[in-house]
Each structure stands twice: as C-alpha cells, then as structure tokens.
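Engineer: My structure file my_file23.txt, compact mmCIF, C-alpha atoms, is below:
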# COMPACT_ATOMS: atom_id res chain seq x y z
CA MET U 16 126.70 151.02 96.48
CA ARG U 17 125.73 153.29 93.62
CA ARG U 18 128.12 155.92 92.36
CA LYS U 19 127.24 159.26 90.79
CA ASP U 20 128.63 159.48 87.26
CA ASN U 21 127.23 162.43 85.33
CA GLN U 22 129.73 161.93 82.51
CA LEU U 23 128.45 158.43 81.77
CA ILE U 24 124.86 159.67 81.80
CA VAL U 25 125.79 162.51 79.42
CA ILE U 26 127.51 159.98 77.15
CA THR U 27 124.40 157.80 77.28
CA HIS U 28 122.25 160.73 76.14
CA LEU U 29 124.70 161.63 73.38
CA SER U 30 125.05 158.00 72.26
CA GLN U 31 121.62 158.37 70.65
CA LEU U 32 123.35 160.41 67.95
CA SER U 33 125.32 157.35 66.82
CA SER U 34 122.78 156.69 64.10
CA PHE U 35 123.68 160.00 62.44
CA VAL U 36 127.34 158.92 62.31
CA LEU U 37 127.10 155.14 61.81
CA GLY U 38 123.63 154.82 60.30
CA PHE U 39 122.40 152.72 63.22
CA GLY U 40 122.73 152.41 66.98
CA SER U 41 120.45 155.15 68.28
CA LEU U 42 118.57 152.55 70.32
CA ILE U 43 121.18 149.82 70.70
CA VAL U 44 124.08 151.85 72.17
CA PRO U 45 122.05 153.63 74.92
CA LEU U 46 120.27 150.35 75.68
CA ILE U 47 123.59 148.58 76.25
CA LEU U 48 124.96 151.46 78.38
CA TRP U 49 121.76 151.54 80.44
CA ALA U 50 121.56 147.76 80.90
CA CYS U 51 125.20 147.49 81.98
CA ASN U 52 125.15 150.41 84.42
CA LYS U 53 121.58 150.76 85.73
CA ASN U 54 122.39 149.13 89.07
CA ASP U 55 125.77 150.80 89.54
CA VAL U 56 125.25 154.45 88.59
CA TYR U 57 122.90 156.78 90.45
CA GLU U 58 120.02 158.00 88.21
CA MET U 59 121.11 155.75 85.29
CA ASP U 60 118.05 153.50 85.59
CA GLU U 61 115.56 156.38 85.43
CA GLN U 62 117.33 158.26 82.65
CA GLY U 63 118.10 155.11 80.69
CA LYS U 64 114.39 154.26 80.68
CA GLN U 65 113.60 157.77 79.42
CA ILE U 66 116.13 157.41 76.60
CA VAL U 67 114.91 153.96 75.54
CA ASN U 68 111.26 155.08 75.73
CA PHE U 69 112.10 158.12 73.59
CA GLN U 70 113.91 156.04 70.98
CA LEU U 71 111.12 153.43 70.82
CA SER U 72 108.53 156.21 70.56
CA MET U 73 110.38 157.84 67.69
CA ILE U 74 110.59 154.48 65.88
CA ILE U 75 106.83 154.02 66.31
CA TYR U 76 106.14 157.56 65.03
CA ALA U 77 108.46 157.04 62.05
CA ILE U 78 106.71 153.78 61.13
CA ALA U 79 103.29 155.41 61.57
CA SER U 80 104.29 158.28 59.29
CA ILE U 81 104.84 155.96 56.30
CA PRO U 82 101.17 155.19 55.62
CA LEU U 83 100.30 158.80 56.44
CA ILE U 84 102.67 159.93 53.67
CA LEU U 85 100.89 157.67 51.19
CA VAL U 86 97.40 158.63 52.30
CA PHE U 87 97.49 162.27 53.36
CA GLY U 88 101.01 163.57 52.78
CA LEU U 89 100.97 164.70 56.42
CA GLY U 90 103.38 161.93 57.24
CA LEU U 91 106.17 164.08 55.82
CA LEU U 92 105.57 166.61 58.60
CA LEU U 93 105.61 163.84 61.21
CA MET U 94 108.78 162.33 59.72
CA LEU U 95 110.49 165.74 59.73
CA THR U 96 109.45 166.30 63.35
CA VAL U 97 110.84 162.90 64.33
CA ALA U 98 114.16 163.61 62.55
CA VAL U 99 114.55 166.99 64.26
CA LEU U 100 113.68 165.58 67.69
CA LEU U 101 116.10 162.66 67.23
CA PHE U 102 118.93 165.11 66.58
CA VAL U 103 118.11 168.00 68.92
CA MET U 104 116.73 166.40 72.09
CA PRO U 105 119.76 164.22 72.97
CA ILE U 106 122.00 167.29 72.75
CA ILE U 107 119.66 169.46 74.84
CA ASN U 108 119.23 166.74 77.47
CA ALA U 109 122.96 165.99 77.64
CA ILE U 110 123.53 169.69 78.40
CA LYS U 111 120.73 169.65 80.99
CA VAL U 112 122.18 166.59 82.73
CA SER U 113 125.71 168.02 82.74
CA ASN U 114 124.30 171.12 84.47
CA GLY U 115 122.44 169.01 87.03
CA ASN U 116 118.95 169.53 85.58
CA GLU U 117 116.30 166.94 84.81
CA PRO U 118 116.07 165.81 81.16
CA TYR U 119 112.80 165.94 79.24
CA TYR U 120 111.89 164.10 76.05
CA PRO U 121 108.67 165.29 74.35
CA MET U 122 106.24 162.97 72.57
CA THR U 123 107.56 160.00 74.57
CA LEU U 124 105.33 157.01 75.20
CA LYS U 125 105.77 155.25 78.56
CA LEU U 126 106.71 151.78 77.34
CA LEU U 127 109.17 150.71 80.07
Show this structure as structure tokens.

Structural biologist:
Amino acid sequence: MRRKDNQLIVITHLSQLSSFVLGFGSLIVPLILWACNKNDVYEMDEQGKQIVNFQLSMIIYAIASIPLILVFGLGLLLMLTVAVLLFVMPIINAIKVSNGNEPYYPMTLKLL
C-alpha cells in the first residue's frame, strides 16, 4: 500500500540544490530518493521522473551551450538560463508541492 508523504517529495525537489552546496549531487540525490521510494510513496514515481528529466535536460542544455559559446557567444545566455532554472525551479516546485499543487519544470525533455 502506498503512503502519502508530501515532506519526502518536497525534500526530493529540494535535493536538486545539493550541487550548489556540495558541488555535485543535483541528479544523484533525487535519483536515489526516487528509486528507493517510487513504489512506496504516492506521487513519488511521477514527480521523481519529472525531477530526473529536468536534471538530465539541464545537463544536455549545459553541454550544448559550450560549442555555442565558442561559435556564437549565445551559449552564455543559454548557460545563464540553465543556472537560474537549476536554482529557482526546485524551490518553486517544492513550495507548489507543499501547498498541494502540481509541479512544473520548463524546458524539460521527456527522457523517462
């Protein structure tokens, strides 16, 4: 039987910020939390997939911005956008989830 645990889902959203504190972990920590709890916590599977898709998408955009910096200089704008989204969206979505609303991650590719 699945249990409802909004606090764990909020922590999963906020765990994406671990890379700003530790220098790494923005994908690894939420992935571990999602993998360990996706069958036990109501809505964890859906939201965990959104988080992992968002993190993978941001990694792809960051990698794609490197040649764009060298060629056009526009990659700096993309890199700045990625950095802002990586910091702001987990906080916004953690607040949304704690209030019972549906999270939304922009620019996310459906990979999972």

Engineer: Write out as JSON, numbers by chain each polymer residue whose atoms come within 6 Å of region 91-99 of chain U, counting all atoms listed in the file; drop sequence neighbours fewer than 4 positions from it.

Structural biologist: {"U": [77, 84, 103]}

Engineer: Could you tell me how far CA of Pro121 (chain U) sits from CA of Ser80 (chain U), in Å to one decimal place?

Structural biologist: 17.2 Å

Engineer: When distances are computed from all atoms listed in the file, which of U:Met104, U:Ser113, U:Ser30, U:Tyr57 shows the smallest separation from Phe69 (chain U)?

Structural biologist: U:Met104

Engineer: Step by step: start from the point (126.9, 150.4, 92.4) in the file's coordinates, keep every protein, DNA or RNA residue that has an atom no farther than 10 Å from it, count all atoms listed in the file, and write the set as a list in words.

Structural biologist: Met16, Arg17, Arg18, Lys19, Asn52, Lys53, Asn54, Asp55, Val56 and Tyr57 of chain U

Engineer: How many Å lie between CA of Ser34 (chain U) and CA of Lys64 (chain U), rounded to one decimal?

Structural biologist: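 Taking CA of Ser34 (chain U) as the start and CA of Lys64 (chain U) as the end point, the length is 18.7 Å.
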
Engineer: Compile the contact shell of Thr27 (chain U) as a list in words: residues with an atom at most 10 Å away, counting all atoms listed in the file, same-chain residues fewer than 3 positions apart removed.

Structural biologist: Asn21, Gln22, Leu23, Ile24, Ser30, Gln31, Leu32, Val44, Pro45, Leu46, Ile47, Leu48, Trp49, Met59, Gln62, Gly63, Ile66, Pro105 and Ala109 of chain U

Engineer: Residues of the last selection are to be written out with C-alpha atoms, as a compact mmCIF listing (two decimals), in the coordinates of the input.

Structural biologist:
# COMPACT_ATOMS: atom_id res chain seq x y z
CA ASN U 21 127.23 162.43 85.33
CA GLN U 22 129.73 161.93 82.51
CA LEU U 23 128.45 158.43 81.77
CA ILE U 24 124.86 159.67 81.80
CA SER U 30 125.05 158.00 72.26
CA GLN U 31 121.62 158.37 70.65
CA LEU U 32 123.35 160.41 67.95
CA VAL U 44 124.08 151.85 72.17
CA PRO U 45 122.05 153.63 74.92
CA LEU U 46 120.27 150.35 75.68
CA ILE U 47 123.59 148.58 76.25
CA LEU U 48 124.96 151.46 78.38
CA TRP U 49 121.76 151.54 80.44
CA MET U 59 121.11 155.75 85.29
CA GLN U 62 117.33 158.26 82.65
CA GLY U 63 118.10 155.11 80.69
CA ILE U 66 116.13 157.41 76.60
CA PRO U 105 119.76 164.22 72.97
CA ALA U 109 122.96 165.99 77.64

Engineer: Mind giving me the straight-line distance from CA of Val86 (chain U) to CA of Ser41 (chain U) in Å, one decimal?

Structural biologist: 28.3 Å

Engineer: Here is a test: counting all atoms listed in the file, which residue of U:Leu127, U:Met122, U:Val112, U:Cys51 is nearest to Met73 (chain U)?

Structural biologist: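 The answer is U:Met122, which sits nearest to Met73 (chain U).
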
Engineer: Nearest to Gln70 (chain U): which of U:Ile107, U:Leu89, U:Leu126, U:Ile26 is it, counting all atoms listed in the file?

Structural biologist: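 Between U:Ile107, U:Leu89, U:Leu126, U:Ile26, the residue approaching Gln70 (chain U) most closely is U:Leu126.
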
Engineer: For Val25 (chain U), which residue out of U:Phe87, U:Leu101, U:Ile74, U:Glu58 is the nearest one, using all atoms listed in the file?

Structural biologist: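 Of the candidates, the smallest distance to Val25 (chain U) is held by U:Glu58.
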
Engineer: Once you add 8 Å to each side, what are the centre and edge lengths of the axis-aligned box holding all listed atoms of region 39-55 of chain U? One decimal in Å, as JSON, if you can.

Structural biologist:
{"center_x": 122.2, "center_y": 151.3, "center_z": 76.4, "size_x": 23.2, "size_y": 23.7, "size_z": 42.3}

Engineer: Complete the atom set of region 36-61 of chain U to N, CA, C and O atoms and return it as a PDB file, in the coordinates of the input.

Structural biologist:
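The result, written out as rebuild30.pdb:
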ATOM      1  N   VAL U  36     125.955 159.156  62.707  1.00  0.00           N
ATOM      2  CA  VAL U  36     127.340 158.920  62.310  1.00  0.00           C
ATOM      3  C   VAL U  36     127.482 157.551  61.637  1.00  0.00           C
ATOM      4  O   VAL U  36     128.071 157.432  60.572  1.00  0.00           O
ATOM      5  N   LEU U  37     126.930 156.518  62.276  1.00  0.00           N
ATOM      6  CA  LEU U  37     127.100 155.140  61.810  1.00  0.00           C
ATOM      7  C   LEU U  37     125.946 154.635  60.939  1.00  0.00           C
ATOM      8  O   LEU U  37     126.092 153.634  60.254  1.00  0.00           O
ATOM      9  N   GLY U  38     124.802 155.290  61.021  1.00  0.00           N
ATOM     10  CA  GLY U  38     123.630 154.820  60.300  1.00  0.00           C
ATOM     11  C   GLY U  38     122.743 153.913  61.127  1.00  0.00           C
ATOM     12  O   GLY U  38     121.660 153.541  60.713  1.00  0.00           O
ATOM     13  N   PHE U  39     123.185 153.550  62.311  1.00  0.00           N
ATOM     14  CA  PHE U  39     122.400 152.720  63.220  1.00  0.00           C
ATOM     15  C   PHE U  39     122.917 152.939  64.633  1.00  0.00           C
ATOM     16  O   PHE U  39     123.914 153.599  64.831  1.00  0.00           O
ATOM     17  N   GLY U  40     122.230 152.380  65.614  1.00  0.00           N
ATOM     18  CA  GLY U  40     122.730 152.410  66.980  1.00  0.00           C
ATOM     19  C   GLY U  40     122.045 153.375  67.907  1.00  0.00           C
ATOM     20  O   GLY U  40     122.364 153.414  69.087  1.00  0.00           O
ATOM     21  N   SER U  41     121.087 154.161  67.417  1.00  0.00           N
ATOM     22  CA  SER U  41     120.450 155.150  68.280  1.00  0.00           C
ATOM     23  C   SER U  41     119.661 154.503  69.414  1.00  0.00           C
ATOM     24  O   SER U  41     119.454 155.127  70.446  1.00  0.00           O
ATOM     25  N   LEU U  42     119.240 153.279  69.252  1.00  0.00           N
ATOM     26  CA  LEU U  42     118.570 152.550  70.320  1.00  0.00           C
ATOM     27  C   LEU U  42     119.515 151.555  70.983  1.00  0.00           C
ATOM     28  O   LEU U  42     119.523 151.423  72.205  1.00  0.00           O
ATOM     29  N   ILE U  43     120.345 150.906  70.201  1.00  0.00           N
ATOM     30  CA  ILE U  43     121.180 149.820  70.700  1.00  0.00           C
ATOM     31  C   ILE U  43     122.255 150.318  71.676  1.00  0.00           C
ATOM     32  O   ILE U  43     122.423 149.759  72.763  1.00  0.00           O
ATOM     33  N   VAL U  44     122.973 151.368  71.327  1.00  0.00           N
ATOM     34  CA  VAL U  44     124.080 151.850  72.170  1.00  0.00           C
ATOM     35  C   VAL U  44     123.571 152.337  73.531  1.00  0.00           C
ATOM     36  O   VAL U  44     124.088 151.915  74.569  1.00  0.00           O
ATOM     37  N   PRO U  45     122.542 153.224  73.596  1.00  0.00           N
ATOM     38  CA  PRO U  45     122.050 153.630  74.920  1.00  0.00           C
ATOM     39  C   PRO U  45     121.458 152.467  75.710  1.00  0.00           C
ATOM     40  O   PRO U  45     121.592 152.423  76.939  1.00  0.00           O
ATOM     41  N   LEU U  46     120.836 151.516  75.008  1.00  0.00           N
ATOM     42  CA  LEU U  46     120.270 150.350  75.680  1.00  0.00           C
ATOM     43  C   LEU U  46     121.356 149.531  76.359  1.00  0.00           C
ATOM     44  O   LEU U  46     121.203 149.103  77.510  1.00  0.00           O
ATOM     45  N   ILE U  47     122.467 149.325  75.677  1.00  0.00           N
ATOM     46  CA  ILE U  47     123.590 148.580  76.250  1.00  0.00           C
ATOM     47  C   ILE U  47     124.185 149.332  77.440  1.00  0.00           C
ATOM     48  O   ILE U  47     124.446 148.749  78.501  1.00  0.00           O
ATOM     49  N   LEU U  48     124.411 150.651  77.275  1.00  0.00           N
ATOM     50  CA  LEU U  48     124.960 151.460  78.380  1.00  0.00           C
ATOM     51  C   LEU U  48     124.038 151.433  79.584  1.00  0.00           C
ATOM     52  O   LEU U  48     124.490 151.300  80.724  1.00  0.00           O
ATOM     53  N   TRP U  49     122.734 151.552  79.350  1.00  0.00           N
ATOM     54  CA  TRP U  49     121.760 151.540  80.440  1.00  0.00           C
ATOM     55  C   TRP U  49     121.736 150.176  81.123  1.00  0.00           C
ATOM     56  O   TRP U  49     121.795 150.085  82.346  1.00  0.00           O
ATOM     57  N   ALA U  50     121.657 149.104  80.333  1.00  0.00           N
ATOM     58  CA  ALA U  50     121.560 147.760  80.900  1.00  0.00           C
ATOM     59  C   ALA U  50     122.797 147.386  81.720  1.00  0.00           C
ATOM     60  O   ALA U  50     122.682 146.722  82.747  1.00  0.00           O
ATOM     61  N   CYS U  51     123.963 147.833  81.280  1.00  0.00           N
ATOM     62  CA  CYS U  51     125.200 147.490  81.980  1.00  0.00           C
ATOM     63  C   CYS U  51     125.430 148.314  83.239  1.00  0.00           C
ATOM     64  O   CYS U  51     126.153 147.881  84.137  1.00  0.00           O
ATOM     65  N   ASN U  52     124.835 149.504  83.316  1.00  0.00           N
ATOM     66  CA  ASN U  52     125.150 150.410  84.420  1.00  0.00           C
ATOM     67  C   ASN U  52     123.959 150.817  85.282  1.00  0.00           C
ATOM     68  O   ASN U  52     124.127 151.606  86.201  1.00  0.00           O
ATOM     69  N   LYS U  53     122.766 150.296  85.019  1.00  0.00           N
ATOM     70  CA  LYS U  53     121.580 150.760  85.730  1.00  0.00           C
ATOM     71  C   LYS U  53     121.615 150.477  87.230  1.00  0.00           C
ATOM     72  O   LYS U  53     121.017 151.209  88.003  1.00  0.00           O
ATOM     73  N   ASN U  54     122.319 149.453  87.645  1.00  0.00           N
ATOM     74  CA  ASN U  54     122.390 149.130  89.070  1.00  0.00           C
ATOM     75  C   ASN U  54     123.598 149.756  89.755  1.00  0.00           C
ATOM     76  O   ASN U  54     123.673 149.753  90.982  1.00  0.00           O
ATOM     77  N   ASP U  55     124.534 150.276  88.984  1.00  0.00           N
ATOM     78  CA  ASP U  55     125.770 150.800  89.540  1.00  0.00           C
ATOM     79  C   ASP U  55     125.841 152.319  89.597  1.00  0.00           C
ATOM     80  O   ASP U  55     126.544 152.880  90.433  1.00  0.00           O
ATOM     81  N   VAL U  56     125.147 152.992  88.700  1.00  0.00           N
ATOM     82  CA  VAL U  56     125.250 154.450  88.590  1.00  0.00           C
ATOM     83  C   VAL U  56     123.939 155.084  89.027  1.00  0.00           C
ATOM     84  O   VAL U  56     122.859 154.709  88.544  1.00  0.00           O
ATOM     85  N   TYR U  57     124.052 156.048  89.940  1.00  0.00           N
ATOM     86  CA  TYR U  57     122.900 156.780  90.450  1.00  0.00           C
ATOM     87  C   TYR U  57     122.202 157.513  89.310  1.00  0.00           C
ATOM     88  O   TYR U  57     122.847 158.176  88.510  1.00  0.00           O
ATOM     89  N   GLU U  58     120.894 157.386  89.217  1.00  0.00           N
ATOM     90  CA  GLU U  58     120.020 158.000  88.210  1.00  0.00           C
ATOM     91  C   GLU U  58     120.127 157.364  86.813  1.00  0.00           C
ATOM     92  O   GLU U  58     119.419 157.783  85.906  1.00  0.00           O
ATOM     93  N   MET U  59     120.979 156.376  86.618  1.00  0.00           N
ATOM     94  CA  MET U  59     121.110 155.750  85.290  1.00  0.00           C
ATOM     95  C   MET U  59     119.841 154.979  84.934  1.00  0.00           C
ATOM     96  O   MET U  59     119.403 155.020  83.783  1.00  0.00           O
ATOM     97  N   ASP U  60     119.236 154.296  85.898  1.00  0.00           N
ATOM     98  CA  ASP U  60     118.050 153.500  85.590  1.00  0.00           C
ATOM     99  C   ASP U  60     116.920 154.390  85.096  1.00  0.00           C
ATOM    100  O   ASP U  60     116.308 154.120  84.069  1.00  0.00           O
ATOM    101  N   GLU U  61     116.649 155.474  85.807  1.00  0.00           N
ATOM    102  CA  GLU U  61     115.560 156.380  85.430  1.00  0.00           C
ATOM    103  C   GLU U  61     115.819 157.043  84.081  1.00  0.00           C
ATOM    104  O   GLU U  61     114.953 157.073  83.213  1.00  0.00           O
TER     105      GLU U  61
END
